[in-house]
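Enquirer: What follows is protein_4.cif, mmCIF, C-alpha atoms and all ligand atoms.
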data_upload
#
loop_
_atom_site.label_atom_id
_atom_site.label_comp_id
_atom_site.auth_asym_id
_atom_site.auth_seq_id
_atom_site.Cartn_x
_atom_site.Cartn_y
_atom_site.Cartn_z
CA MET A 1 111.43 253.38 -31.57
CA GLU A 2 109.44 256.41 -30.44
CA ARG A 3 109.91 256.27 -26.69
CA ILE A 4 112.34 254.54 -24.37
CA HIS A 5 109.72 252.43 -22.55
CA GLU A 6 109.22 250.44 -25.78
CA ILE A 7 112.60 248.79 -25.32
CA LEU A 8 112.20 248.20 -21.57
CA GLU A 9 109.44 245.60 -21.78
CA ASN A 10 110.40 242.37 -19.95
CA VAL A 11 113.82 243.85 -19.21
CA LYS A 12 115.33 243.42 -15.74
CA THR A 13 118.99 244.19 -16.40
CA VAL A 14 120.40 247.01 -18.56
CA GLY A 15 123.98 247.67 -19.62
CA ILE A 16 124.85 251.16 -20.89
CA ALA A 17 128.05 252.14 -22.69
CA GLY A 18 129.57 255.07 -24.52
CA HIS A 19 132.60 255.36 -26.79
CA LEU A 20 136.36 255.20 -26.27
CA ARG A 21 137.84 258.36 -24.76
CA PRO A 22 134.39 259.57 -23.64
CA ASP A 23 133.60 263.24 -24.25
CA GLY A 24 130.91 265.46 -22.72
CA ASP A 25 128.10 264.20 -24.96
CA CYS A 26 129.04 260.59 -24.41
CA ILE A 27 129.17 261.00 -20.62
CA GLY A 28 126.07 263.23 -20.59
CA SER A 29 123.94 260.82 -22.62
CA CYS A 30 125.07 257.67 -20.79
CA MET A 31 124.64 259.23 -17.35
CA GLY A 32 121.40 260.95 -18.39
CA PHE A 33 119.94 257.60 -19.41
CA TYR A 34 121.31 255.85 -16.32
CA LEU A 35 119.91 258.48 -13.94
CA TYR A 36 116.55 258.45 -15.73
CA LEU A 37 116.31 254.67 -15.29
CA LYS A 38 117.49 254.86 -11.68
CA HIS A 39 114.74 257.34 -10.78
CA ASN A 40 111.86 255.96 -12.77
CA TYR A 41 112.55 252.24 -12.89
CA PRO A 42 114.14 251.47 -9.49
CA GLU A 43 113.40 247.76 -9.95
CA LEU A 44 115.75 247.63 -12.95
CA GLU A 45 119.41 246.77 -12.45
CA ALA A 46 121.33 249.24 -14.62
CA ASP A 47 125.11 249.48 -15.03
CA VAL A 48 127.14 252.11 -16.95
CA TYR A 49 130.48 251.35 -18.58
CA LEU A 50 132.79 254.21 -19.54
CA GLU A 51 136.52 254.62 -19.74
CA GLU A 52 137.79 256.85 -16.91
CA PRO A 53 136.07 260.22 -17.60
CA LYS A 54 137.79 263.55 -17.02
CA PRO A 55 137.42 264.69 -13.39
CA VAL A 56 135.70 267.91 -14.54
CA PHE A 57 132.50 265.86 -14.95
CA SER A 58 132.34 264.89 -11.28
CA TYR A 59 129.39 267.26 -10.66
CA ILE A 60 127.19 264.79 -12.55
CA ALA A 61 125.36 262.61 -10.02
CA HIS A 62 126.45 259.03 -9.36
CA MET A 63 129.64 259.18 -11.44
CA ASP A 64 131.09 256.85 -8.78
CA ASP A 65 128.73 254.09 -9.98
CA VAL A 66 130.44 253.93 -13.40
CA PHE A 67 132.44 250.80 -14.25
CA HIS A 68 135.74 251.52 -15.98
CA ASP A 69 136.35 247.90 -17.00
CA ILE A 70 134.43 244.61 -17.06
CA GLN A 71 136.66 242.72 -14.67
CA GLY A 72 134.61 240.12 -12.80
CA ARG A 73 131.56 240.84 -14.99
CA GLU A 74 132.77 239.21 -18.22
CA ASP A 75 129.87 236.70 -18.17
CA MET A 76 127.11 239.18 -17.37
CA VAL A 77 124.34 238.65 -19.93
CA TYR A 78 122.18 241.81 -19.92
CA ASP A 79 118.54 241.64 -21.02
CA LEU A 80 119.21 244.93 -22.80
CA PHE A 81 122.41 246.69 -23.77
CA VAL A 82 122.24 250.31 -24.98
CA THR A 83 125.07 252.26 -26.57
CA LEU A 84 124.93 256.06 -26.68
CA ASP A 85 127.05 258.32 -28.91
CA VAL A 86 128.91 255.27 -30.27
CA SER A 87 129.41 255.51 -34.04
CA SER A 88 130.61 251.95 -34.71
CA LYS A 89 130.89 248.69 -32.81
CA GLU A 90 134.68 248.84 -32.46
CA ARG A 91 134.29 252.15 -30.60
CA ILE A 92 132.19 250.73 -27.73
CA GLY A 93 135.32 250.59 -25.65
CA VAL A 94 135.50 248.69 -22.39
CA ALA A 95 132.12 246.96 -22.62
CA GLY A 96 132.37 245.60 -26.19
CA PRO A 97 132.25 241.91 -25.10
CA LEU A 98 129.13 242.52 -22.98
CA PHE A 99 127.35 244.12 -25.93
CA ASP A 100 128.11 240.98 -27.98
CA ILE A 101 126.46 238.59 -25.50
CA ALA A 102 123.48 240.77 -24.48
CA LYS A 103 119.97 239.48 -25.29
CA LYS A 104 118.79 242.71 -26.91
CA THR A 105 120.96 245.54 -28.24
CA VAL A 106 120.00 249.14 -28.96
CA CYS A 107 122.13 251.84 -30.53
CA ILE A 108 121.16 255.48 -29.87
CA ASP A 109 123.35 257.91 -31.78
CA HIS A 110 123.75 260.98 -33.99
CA HIS A 111 126.80 260.15 -36.17
CA VAL A 112 126.16 260.29 -39.92
CA SER A 113 128.84 257.62 -40.37
CA ASN A 114 126.93 255.15 -38.12
CA HIS A 115 125.38 252.31 -40.16
CA GLY A 116 123.57 250.85 -37.14
CA PHE A 117 125.18 247.92 -35.34
CA GLY A 118 122.44 247.20 -32.80
CA GLN A 119 119.34 245.05 -33.22
CA ILE A 120 117.37 248.27 -32.82
CA ASN A 121 118.98 251.46 -34.13
CA HIS A 122 117.85 254.98 -33.41
CA ILE A 123 120.33 257.17 -35.30
CA ARG A 124 119.55 260.80 -36.09
CA GLY A 125 122.49 262.27 -37.98
CA GLU A 126 120.92 265.72 -38.19
CA ILE A 127 120.60 266.16 -34.42
CA SER A 128 123.19 268.08 -32.37
CA SER A 129 124.13 265.41 -29.89
CA ALA A 130 123.38 261.92 -28.65
CA SER A 131 122.07 263.66 -25.53
CA GLU A 132 119.45 265.53 -27.59
CA VAL A 133 118.50 262.29 -29.39
CA LEU A 134 118.08 260.66 -25.98
CA TYR A 135 115.97 263.54 -24.62
CA ASN A 136 113.49 263.03 -27.45
CA LEU A 137 113.03 259.40 -26.39
CA LEU A 138 112.30 260.19 -22.74
CA GLU A 139 109.02 261.22 -21.10
CA PRO A 140 109.64 264.90 -20.28
CA ASP A 141 107.71 264.71 -17.01
CA LYS A 142 109.87 261.82 -15.79
CA ILE A 143 113.10 263.80 -16.08
CA GLU A 144 114.44 265.29 -12.83
CA LEU A 145 117.36 267.48 -11.81
CA GLU A 146 120.12 264.85 -11.95
CA ALA A 147 119.26 263.46 -15.39
CA ALA A 148 118.60 267.00 -16.67
CA THR A 149 122.07 268.13 -15.56
CA ALA A 150 123.73 265.27 -17.41
CA ILE A 151 121.70 265.72 -20.61
CA TYR A 152 122.28 269.49 -20.64
CA THR A 153 126.01 268.87 -20.27
CA GLY A 154 126.00 266.57 -23.30
CA ILE A 155 124.07 269.02 -25.48
CA ALA A 156 126.22 272.00 -24.41
CA HIS A 157 129.43 270.11 -25.18
CA ASP A 158 128.53 268.68 -28.59
CA THR A 159 127.18 272.01 -29.82
CA GLY A 160 130.33 273.86 -28.69
CA VAL A 161 128.06 275.67 -26.22
CA PHE A 162 125.15 276.15 -28.66
CA GLN A 163 127.36 277.48 -31.42
CA TYR A 164 127.88 274.78 -34.08
CA SER A 165 125.60 274.57 -37.13
CA THR A 166 123.94 271.45 -35.68
CA THR A 167 122.34 273.66 -33.02
CA SER A 168 118.68 273.91 -34.03
CA PRO A 169 115.65 275.71 -32.60
CA ASP A 170 114.74 272.34 -31.05
CA THR A 171 118.16 272.15 -29.39
CA MET A 172 117.59 275.56 -27.82
CA ARG A 173 114.03 274.67 -26.77
CA ILE A 174 115.24 271.46 -25.12
CA ALA A 175 118.13 273.25 -23.41
CA GLY A 176 115.58 275.78 -22.16
CA GLU A 177 113.32 273.01 -20.80
CA LEU A 178 116.31 271.46 -19.03
CA MET A 179 117.42 274.81 -17.52
CA LYS A 180 114.09 274.93 -15.66
CA TYR A 181 115.43 272.25 -13.30
CA GLY A 182 117.65 274.93 -11.80
CA PHE A 183 121.19 273.63 -12.15
CA ASN A 184 124.00 276.19 -12.36
CA PHE A 185 124.46 276.24 -16.14
CA SER A 186 127.08 279.01 -16.11
CA LYS A 187 129.26 277.02 -13.76
CA ILE A 188 128.74 273.77 -15.69
CA ILE A 189 129.84 275.39 -18.95
CA ASP A 190 132.81 277.23 -17.45
CA HIS A 191 134.03 274.30 -15.43
CA SER A 192 133.47 271.39 -17.80
CA PHE A 193 133.93 273.08 -21.20
CA TYR A 194 136.14 276.19 -21.11
CA GLU A 195 138.33 275.79 -18.06
CA LYS A 196 141.88 274.53 -18.71
CA THR A 197 144.68 273.62 -16.37
CA TYR A 198 147.86 275.67 -16.66
CA VAL A 199 149.65 272.88 -18.52
CA GLN A 200 146.69 272.37 -20.88
CA ASN A 201 146.95 276.05 -21.81
CA GLN A 202 150.69 275.70 -22.25
CA VAL A 203 150.37 272.83 -24.73
CA MET A 204 147.54 274.63 -26.55
CA GLY A 205 149.84 277.63 -26.96
CA ARG A 206 152.68 275.47 -28.15
CA VAL A 207 150.58 273.68 -30.78
CA LEU A 208 149.18 276.97 -32.08
CA ALA A 209 152.65 278.52 -32.23
CA GLU A 210 154.04 275.59 -34.20
CA SER A 211 151.03 275.06 -36.49
CA ILE A 212 151.47 275.16 -40.24
CA MET A 213 149.25 276.55 -42.97
CA LEU A 214 148.80 274.54 -46.16
CA GLN A 215 146.72 274.75 -49.33
CA ASP A 216 146.76 278.54 -49.62
CA GLY A 217 145.80 278.97 -46.00
CA LYS A 218 142.65 276.83 -46.34
CA CYS A 219 144.07 274.05 -44.20
CA ILE A 220 145.83 274.42 -40.84
CA VAL A 221 147.75 271.60 -39.18
CA GLY A 222 148.68 271.31 -35.51
CA TYR A 223 150.62 268.39 -34.09
CA MET A 224 152.14 267.09 -30.91
CA LYS A 225 154.82 264.42 -30.82
CA ARG A 226 155.12 261.75 -28.16
CA LYS A 227 158.30 263.21 -26.71
CA ASP A 228 156.68 266.63 -26.28
CA MET A 229 153.61 265.08 -24.62
CA ASP A 230 155.97 263.29 -22.23
CA PHE A 231 157.88 266.52 -21.61
CA TYR A 232 154.70 268.32 -20.49
CA GLY A 233 153.26 265.20 -18.87
CA VAL A 234 150.01 265.39 -20.86
CA THR A 235 147.69 262.75 -22.34
CA GLY A 236 145.13 262.98 -25.15
CA LYS A 237 142.48 264.25 -22.70
CA ASP A 238 144.60 267.36 -22.09
CA LEU A 239 144.51 268.23 -25.79
CA ASP A 240 140.72 268.67 -26.07
CA GLY A 241 139.85 272.01 -27.57
CA VAL A 242 143.09 272.46 -29.50
CA VAL A 243 141.54 271.54 -32.85
CA SER A 244 138.58 273.87 -32.23
CA GLN A 245 140.96 276.77 -31.67
CA LEU A 246 142.85 275.91 -34.89
CA ARG A 247 139.55 275.95 -36.80
CA LEU A 248 138.93 279.54 -35.75
CA THR A 249 141.94 280.80 -37.73
CA GLN A 250 140.82 283.35 -40.32
CA GLY A 251 140.57 281.94 -43.85
CA VAL A 252 140.82 278.32 -42.76
CA GLU A 253 138.39 275.73 -44.15
CA VAL A 254 139.78 272.65 -42.43
CA ALA A 255 141.75 272.20 -39.22
CA ILE A 256 143.77 269.07 -38.57
CA PHE A 257 145.20 268.16 -35.20
CA VAL A 258 147.26 265.01 -34.67
CA TYR A 259 148.95 263.70 -31.57
CA GLU A 260 151.15 260.66 -31.20
CA PHE A 261 149.45 258.46 -28.59
CA GLU A 262 151.93 255.64 -29.20
CA PRO A 263 155.17 255.86 -31.18
CA GLN A 264 154.22 256.21 -34.88
CA PHE A 265 150.51 255.86 -34.02
CA PHE A 266 148.46 259.06 -34.27
CA LYS A 267 145.05 260.19 -33.11
CA VAL A 268 143.62 262.52 -35.72
CA SER A 269 140.97 265.20 -35.11
CA LEU A 270 139.42 267.04 -38.05
CA ARG A 271 137.20 270.13 -38.09
CA SER A 272 135.58 271.85 -41.07
CA ASN A 273 134.02 275.25 -41.54
CA GLY A 274 131.51 273.87 -44.04
CA ILE A 275 132.95 273.28 -47.51
CA VAL A 276 134.77 270.03 -46.75
CA ASP A 277 132.92 267.01 -45.33
CA VAL A 278 135.54 265.77 -42.87
CA SER A 279 133.51 262.67 -41.95
CA LYS A 280 134.27 261.40 -45.49
CA VAL A 281 137.98 261.99 -44.92
CA ALA A 282 137.87 260.22 -41.55
CA VAL A 283 135.87 257.28 -42.94
CA PHE A 284 138.42 256.95 -45.78
CA PHE A 285 141.09 256.36 -43.13
CA GLY A 286 138.96 253.96 -41.06
CA GLY A 287 137.42 256.48 -38.65
CA GLY A 288 134.15 258.39 -38.60
CA GLY A 289 132.23 261.32 -37.19
CA HIS A 290 130.21 264.23 -38.51
CA MET A 291 130.45 266.55 -41.52
CA ARG A 292 132.18 269.25 -39.50
CA ALA A 293 133.90 267.18 -36.78
CA ALA A 294 135.45 263.79 -37.31
CA GLY A 295 138.44 261.68 -36.37
CA CYS A 296 140.47 258.55 -37.02
CA ASP A 297 143.63 256.72 -35.94
CA MET A 298 146.59 256.56 -38.38
CA ARG A 299 149.94 254.79 -38.35
CA GLY A 300 153.22 255.92 -39.88
CA SER A 301 155.47 258.91 -39.63
CA MET A 302 153.96 262.28 -38.75
CA TYR A 303 154.97 263.46 -42.23
CA ASP A 304 153.07 260.62 -43.96
CA VAL A 305 149.99 261.04 -41.81
CA ILE A 306 149.73 264.77 -42.54
CA ASN A 307 150.47 264.26 -46.25
CA ASN A 308 147.83 261.56 -46.61
CA LEU A 309 145.22 263.61 -44.79
CA THR A 310 145.85 266.80 -46.72
CA ALA A 311 145.77 264.94 -50.04
CA GLU A 312 142.23 263.70 -49.25
CA ILE A 313 141.15 267.15 -48.10
CA GLU A 314 142.58 268.76 -51.22
CA LYS A 315 140.42 266.52 -53.42
CA GLN A 316 137.33 268.01 -51.80
CA LEU A 317 138.68 271.56 -51.81
CA LEU A 318 139.34 271.26 -55.54
CA GLY A 319 135.91 269.69 -56.04
CA GLU A 320 137.26 266.42 -57.42
P1 LIG B 401 137.29 264.34 -31.77
O1 LIG B 401 138.10 265.01 -32.83
O2 LIG B 401 136.66 265.32 -30.84
O3 LIG B 401 138.04 263.25 -31.06
O4 LIG B 401 136.12 263.61 -32.52
C1 LIG B 401 135.22 264.28 -33.35
C2 LIG B 401 134.13 263.34 -33.79
O5 LIG B 401 134.66 262.29 -34.58
C3 LIG B 401 133.40 262.67 -32.64
O6 LIG B 401 132.04 262.69 -32.95
C4 LIG B 401 133.93 261.27 -32.60
O7 LIG B 401 132.97 260.36 -32.21
C5 LIG B 401 134.38 261.01 -34.04
N1 LIG B 401 135.62 260.23 -34.04
C6 LIG B 401 136.82 260.63 -33.57
N2 LIG B 401 137.74 259.67 -33.72
C7 LIG B 401 137.13 258.62 -34.30
C8 LIG B 401 137.54 257.30 -34.71
O8 LIG B 401 138.72 256.90 -34.56
N3 LIG B 401 136.60 256.51 -35.28
C9 LIG B 401 135.31 256.92 -35.44
N4 LIG B 401 134.44 256.06 -36.00
N5 LIG B 401 134.88 258.14 -35.07
C10 LIG B 401 135.76 258.98 -34.51
MN MN B 402 128.29 263.15 -29.71
#
Give the structure from this file in structure tokens form.
Expert:
Amino acid sequence: MERIHEILENVKTVGIAGHLRPDGDCIGSCMGFYLYLKHNYPELEADVYLEEPKPVFSYIAHMDDVFHDIQGREDMVYDLFVTLDVSSKERIGVAGPLFDIAKKTVCIDHHVSNHGFGQINHIRGEISSASEVLYNLLEPDKIELEAATAIYTGIAHDTGVFQYSTTSPDTMRIAGELMKYGFNFSKIIDHSFYEKTYVQNQVMGRVLAESIMLQDGKCIVGYMKRKDMDFYGVTGKDLDGVVSQLRLTQGVEVAIFVYEFEPQFFKVSLRSNGIVDVSKVAVFFGGGGHMRAAGCDMRGSMYDVINNLTAEIEKQLLGE
């Protein structure tokens, strides 16, 4: 596929979905595609499915149109179903069953661990974000302010505000093109990326204070147990950004952050500064992601989870 119109031939209905626990790139790419279709193909019926996004993304247009479940639409057979930023079929989230019964399926993504689960797959592992991959499939002169705002959001988030090594000259050129639409990029970045609630800052501080250094200071581990999450009244969404802060510790090669989303069931986030390929570690434990940012779910005691993870990381650190 070179351009999006190639997949729209004879299509009247389109379903769009991102991944579980949608992040900025997932929301930005799904909404960017939705808004692009809405403006340029008004005759198409397009629906977006995303788990409840964080309220900080409410500046993106038409967020109220998003379906958070498929109740009452279980039998909807879309002519085309497109996933964005979804690395494997199990991660489609709420709309998984609709993907399965759709007439044509397309997967647009940038995860190296994605083997391609659509009938058509457009996966560019070297590109910063699903939003940047999407931009390259759109006709630049058909993009307007609303779609541009969403796509810029996605690119800014998945590059850590144009900082990660996946940020290329093309990423900056595209971000520059998008800025021309005149949205308030400073406000978008402050509000959707950096800003934290008081309690989010409190838990960040607590995790950092209790973190442990392993493997001669090359690996840092932060954790949050269920009972502490309940004490502060936080969910996984409130813990975004913690692992990125851990990664910035001097001398660290790999940062691990785990939180207990159900008793003895942990969500794992991994970040690397370059030597260790954390997507391999995540894939080993049934997850996925990118070389420098990956994740998985793991069962057991906190002790076992951390031990198993660090053992896999150590193999790479020792060059085994
Ligand atoms: P995060 O640590 O921010 O949740 O995720 C980092 C990256 O790893 C994201 O690109 C995300 O899609 C991927 N990732 C996180 N958790 C999982 C998982 O359980 N399975 C898969 N396949 N990918 C994951
Ligand atoms: Mn992404």
Enquirer: List all protein, DNA and RNA residues that have at least one atom no more than 9 Å from any atom of ligand LIG 401 (chain B), counting all atoms listed in the file, and write them as a PyMOL selection string.
Expert: chain A and resi 19-23+26+85-91+110-111+113-114+129+158+240-241+243-244+257+267-271+279+282-283+285-290+292-298
Enquirer: Give me, as an mmCIF file with C-alpha atoms, keeping the file's coordinate frame, all polymer residues having an atom no more than 12 Å from Thr197 in chain A, counting all atoms listed in the file and skipping those fewer than 3 positions away in the same chain.
Expert:
data_model
loop_
_atom_site.group_PDB
_atom_site.id
_atom_site.type_symbol
_atom_site.label_atom_id
_atom_site.label_comp_id
_atom_site.auth_asym_id
_atom_site.auth_seq_id
_atom_site.Cartn_x
_atom_site.Cartn_y
_atom_site.Cartn_z
ATOM 1 C CA PRO A 55 137.420 264.690 -13.390
ATOM 2 C CA VAL A 56 135.700 267.910 -14.540
ATOM 3 C CA HIS A 191 134.030 274.300 -15.430
ATOM 4 C CA SER A 192 133.470 271.390 -17.800
ATOM 5 C CA PHE A 193 133.930 273.080 -21.200
ATOM 6 C CA TYR A 194 136.140 276.190 -21.110
ATOM 7 C CA GLN A 200 146.690 272.370 -20.880
ATOM 8 C CA ASN A 201 146.950 276.050 -21.810
ATOM 9 C CA GLN A 202 150.690 275.700 -22.250
ATOM 10 C CA VAL A 203 150.370 272.830 -24.730
ATOM 11 C CA MET A 204 147.540 274.630 -26.550
ATOM 12 C CA VAL A 234 150.010 265.390 -20.860
ATOM 13 C CA LYS A 237 142.480 264.250 -22.700
ATOM 14 C CA ASP A 238 144.600 267.360 -22.090
ATOM 15 C CA LEU A 239 144.510 268.230 -25.790
ATOM 16 C CA ASP A 240 140.720 268.670 -26.070
#
Enquirer: With only C-alpha atoms as the counted atoms, please give the residues lying no more than 8 Å from Ser272 in chain A, apart from itself and same-chain residues fewer than 5 positions off, as a ChimeraX atom specification.
Expert: /A:247,253-255,277-278,291-293
Enquirer: Using the selection just defined, write its residues with C-alpha atoms as a compact mmCIF listing (two decimals), in the coordinates of the input.
Expert:
# COMPACT_ATOMS: atom_id res chain seq x y z
CA ARG A 247 139.55 275.95 -36.80
CA GLU A 253 138.39 275.73 -44.15
CA VAL A 254 139.78 272.65 -42.43
CA ALA A 255 141.75 272.20 -39.22
CA ASP A 277 132.92 267.01 -45.33
CA VAL A 278 135.54 265.77 -42.87
CA MET A 291 130.45 266.55 -41.52
CA ARG A 292 132.18 269.25 -39.50
CA ALA A 293 133.90 267.18 -36.78
Enquirer: Env of range 27-44 of chain A: 9 Å cut, atoms = all atoms listed in the file, seq-sep filter 5 positions within chain, self excluded. Answer as a ChimeraX atom specification.
Expert: /A:11-14,16-18,22,49-50,53,57,60-63,66,82-85,129-135,138,142-144,146-155,157
Enquirer: Need the shell around Lys104 in chain A: protein/DNA/RNA residues with any atom at most 9 Å away, counting only C-alpha atoms. Skip same-chain ones fewer than 5 positions apart. Format as a compact mmCIF listing (two decimals) with C-alpha atoms, in the frame of the given file?
Expert:
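Contents of out35.txt, as written:
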# COMPACT_ATOMS: atom_id res chain seq x y z
CA ILE A 7 112.60 248.79 -25.32
CA TYR A 78 122.18 241.81 -19.92
CA ASP A 79 118.54 241.64 -21.02
CA LEU A 80 119.21 244.93 -22.80
CA PHE A 81 122.41 246.69 -23.77
CA VAL A 82 122.24 250.31 -24.98
CA PHE A 99 127.35 244.12 -25.93
CA GLY A 118 122.44 247.20 -32.80
CA GLN A 119 119.34 245.05 -33.22
CA ILE A 120 117.37 248.27 -32.82
Enquirer: Can range 160-168 of chain A be brought up to all heavy atoms and written out as an mmCIF file, in the coordinates of the input?
Expert:
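Output saved as result26.cif:
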data_model
loop_
_atom_site.group_PDB
_atom_site.id
_atom_site.type_symbol
_atom_site.label_atom_id
_atom_site.label_comp_id
_atom_site.auth_asym_id
_atom_site.auth_seq_id
_atom_site.Cartn_x
_atom_site.Cartn_y
_atom_site.Cartn_z
ATOM 1 N N GLY A 160 129.328 272.812 -28.958
ATOM 2 C CA GLY A 160 130.330 273.860 -28.690
ATOM 3 C C GLY A 160 129.667 275.024 -27.978
ATOM 4 O O GLY A 160 129.849 276.182 -28.364
ATOM 5 N N VAL A 161 128.868 274.690 -26.960
ATOM 6 C CA VAL A 161 128.060 275.670 -26.220
ATOM 7 C C VAL A 161 127.105 276.419 -27.176
ATOM 8 O O VAL A 161 127.181 277.639 -27.348
ATOM 9 C CB VAL A 161 128.922 276.636 -25.373
ATOM 10 C CG1 VAL A 161 128.034 277.447 -24.430
ATOM 11 C CG2 VAL A 161 129.954 275.870 -24.527
ATOM 12 N N PHE A 162 126.249 275.626 -27.817
ATOM 13 C CA PHE A 162 125.150 276.150 -28.660
ATOM 14 C C PHE A 162 125.638 277.034 -29.796
ATOM 15 O O PHE A 162 125.004 278.022 -30.154
ATOM 16 C CB PHE A 162 124.124 276.891 -27.770
ATOM 17 C CG PHE A 162 123.707 276.069 -26.595
ATOM 18 C CD1 PHE A 162 124.189 276.331 -25.320
ATOM 19 C CD2 PHE A 162 122.866 274.979 -26.764
ATOM 20 C CE1 PHE A 162 123.844 275.538 -24.235
ATOM 21 C CE2 PHE A 162 122.517 274.177 -25.692
ATOM 22 C CZ PHE A 162 123.003 274.459 -24.423
ATOM 23 N N GLN A 163 126.765 276.650 -30.383
ATOM 24 C CA GLN A 163 127.360 277.480 -31.420
ATOM 25 C C GLN A 163 127.417 276.780 -32.783
ATOM 26 O O GLN A 163 127.235 277.416 -33.815
ATOM 27 C CB GLN A 163 128.773 277.864 -30.952
ATOM 28 C CG GLN A 163 129.527 278.745 -31.905
ATOM 29 C CD GLN A 163 130.963 278.309 -32.074
ATOM 30 O OE1 GLN A 163 131.509 277.560 -31.267
ATOM 31 N NE2 GLN A 163 131.576 278.751 -33.129
ATOM 32 N N TYR A 164 127.688 275.469 -32.796
ATOM 33 C CA TYR A 164 127.880 274.780 -34.080
ATOM 34 C C TYR A 164 126.587 274.767 -34.899
ATOM 35 O O TYR A 164 125.496 274.923 -34.364
ATOM 36 C CB TYR A 164 128.355 273.341 -33.861
ATOM 37 C CG TYR A 164 129.652 273.232 -33.114
ATOM 38 C CD1 TYR A 164 129.968 272.088 -32.397
ATOM 39 C CD2 TYR A 164 130.573 274.286 -33.114
ATOM 40 C CE1 TYR A 164 131.159 271.980 -31.702
ATOM 41 C CE2 TYR A 164 131.763 274.184 -32.422
ATOM 42 C CZ TYR A 164 132.054 273.037 -31.713
ATOM 43 O OH TYR A 164 133.223 272.939 -31.019
ATOM 44 N N SER A 165 126.753 274.513 -36.216
ATOM 45 C CA SER A 165 125.600 274.570 -37.130
ATOM 46 C C SER A 165 124.558 273.509 -36.824
ATOM 47 O O SER A 165 123.426 273.605 -37.288
ATOM 48 C CB SER A 165 126.098 274.412 -38.564
ATOM 49 O OG SER A 165 126.796 273.182 -38.688
ATOM 50 N N THR A 166 124.913 272.490 -36.037
ATOM 51 C CA THR A 166 123.940 271.450 -35.680
ATOM 52 C C THR A 166 122.973 271.931 -34.608
ATOM 53 O O THR A 166 121.997 271.246 -34.299
ATOM 54 C CB THR A 166 124.667 270.205 -35.140
ATOM 55 O OG1 THR A 166 125.581 270.633 -34.118
ATOM 56 C CG2 THR A 166 125.440 269.483 -36.229
ATOM 57 N N THR A 167 123.232 273.099 -34.051
ATOM 58 C CA THR A 167 122.340 273.660 -33.020
ATOM 59 C C THR A 167 121.066 274.150 -33.705
ATOM 60 O O THR A 167 121.118 275.028 -34.566
ATOM 61 C CB THR A 167 123.024 274.866 -32.324
ATOM 62 O OG1 THR A 167 124.317 274.466 -31.906
ATOM 63 C CG2 THR A 167 122.219 275.336 -31.133
ATOM 64 N N SER A 168 119.933 273.560 -33.355
ATOM 65 C CA SER A 168 118.680 273.910 -34.030
ATOM 66 C C SER A 168 117.744 274.603 -33.041
ATOM 67 O O SER A 168 118.004 274.614 -31.833
ATOM 68 C CB SER A 168 117.995 272.624 -34.510
ATOM 69 O OG SER A 168 117.562 271.882 -33.384
#
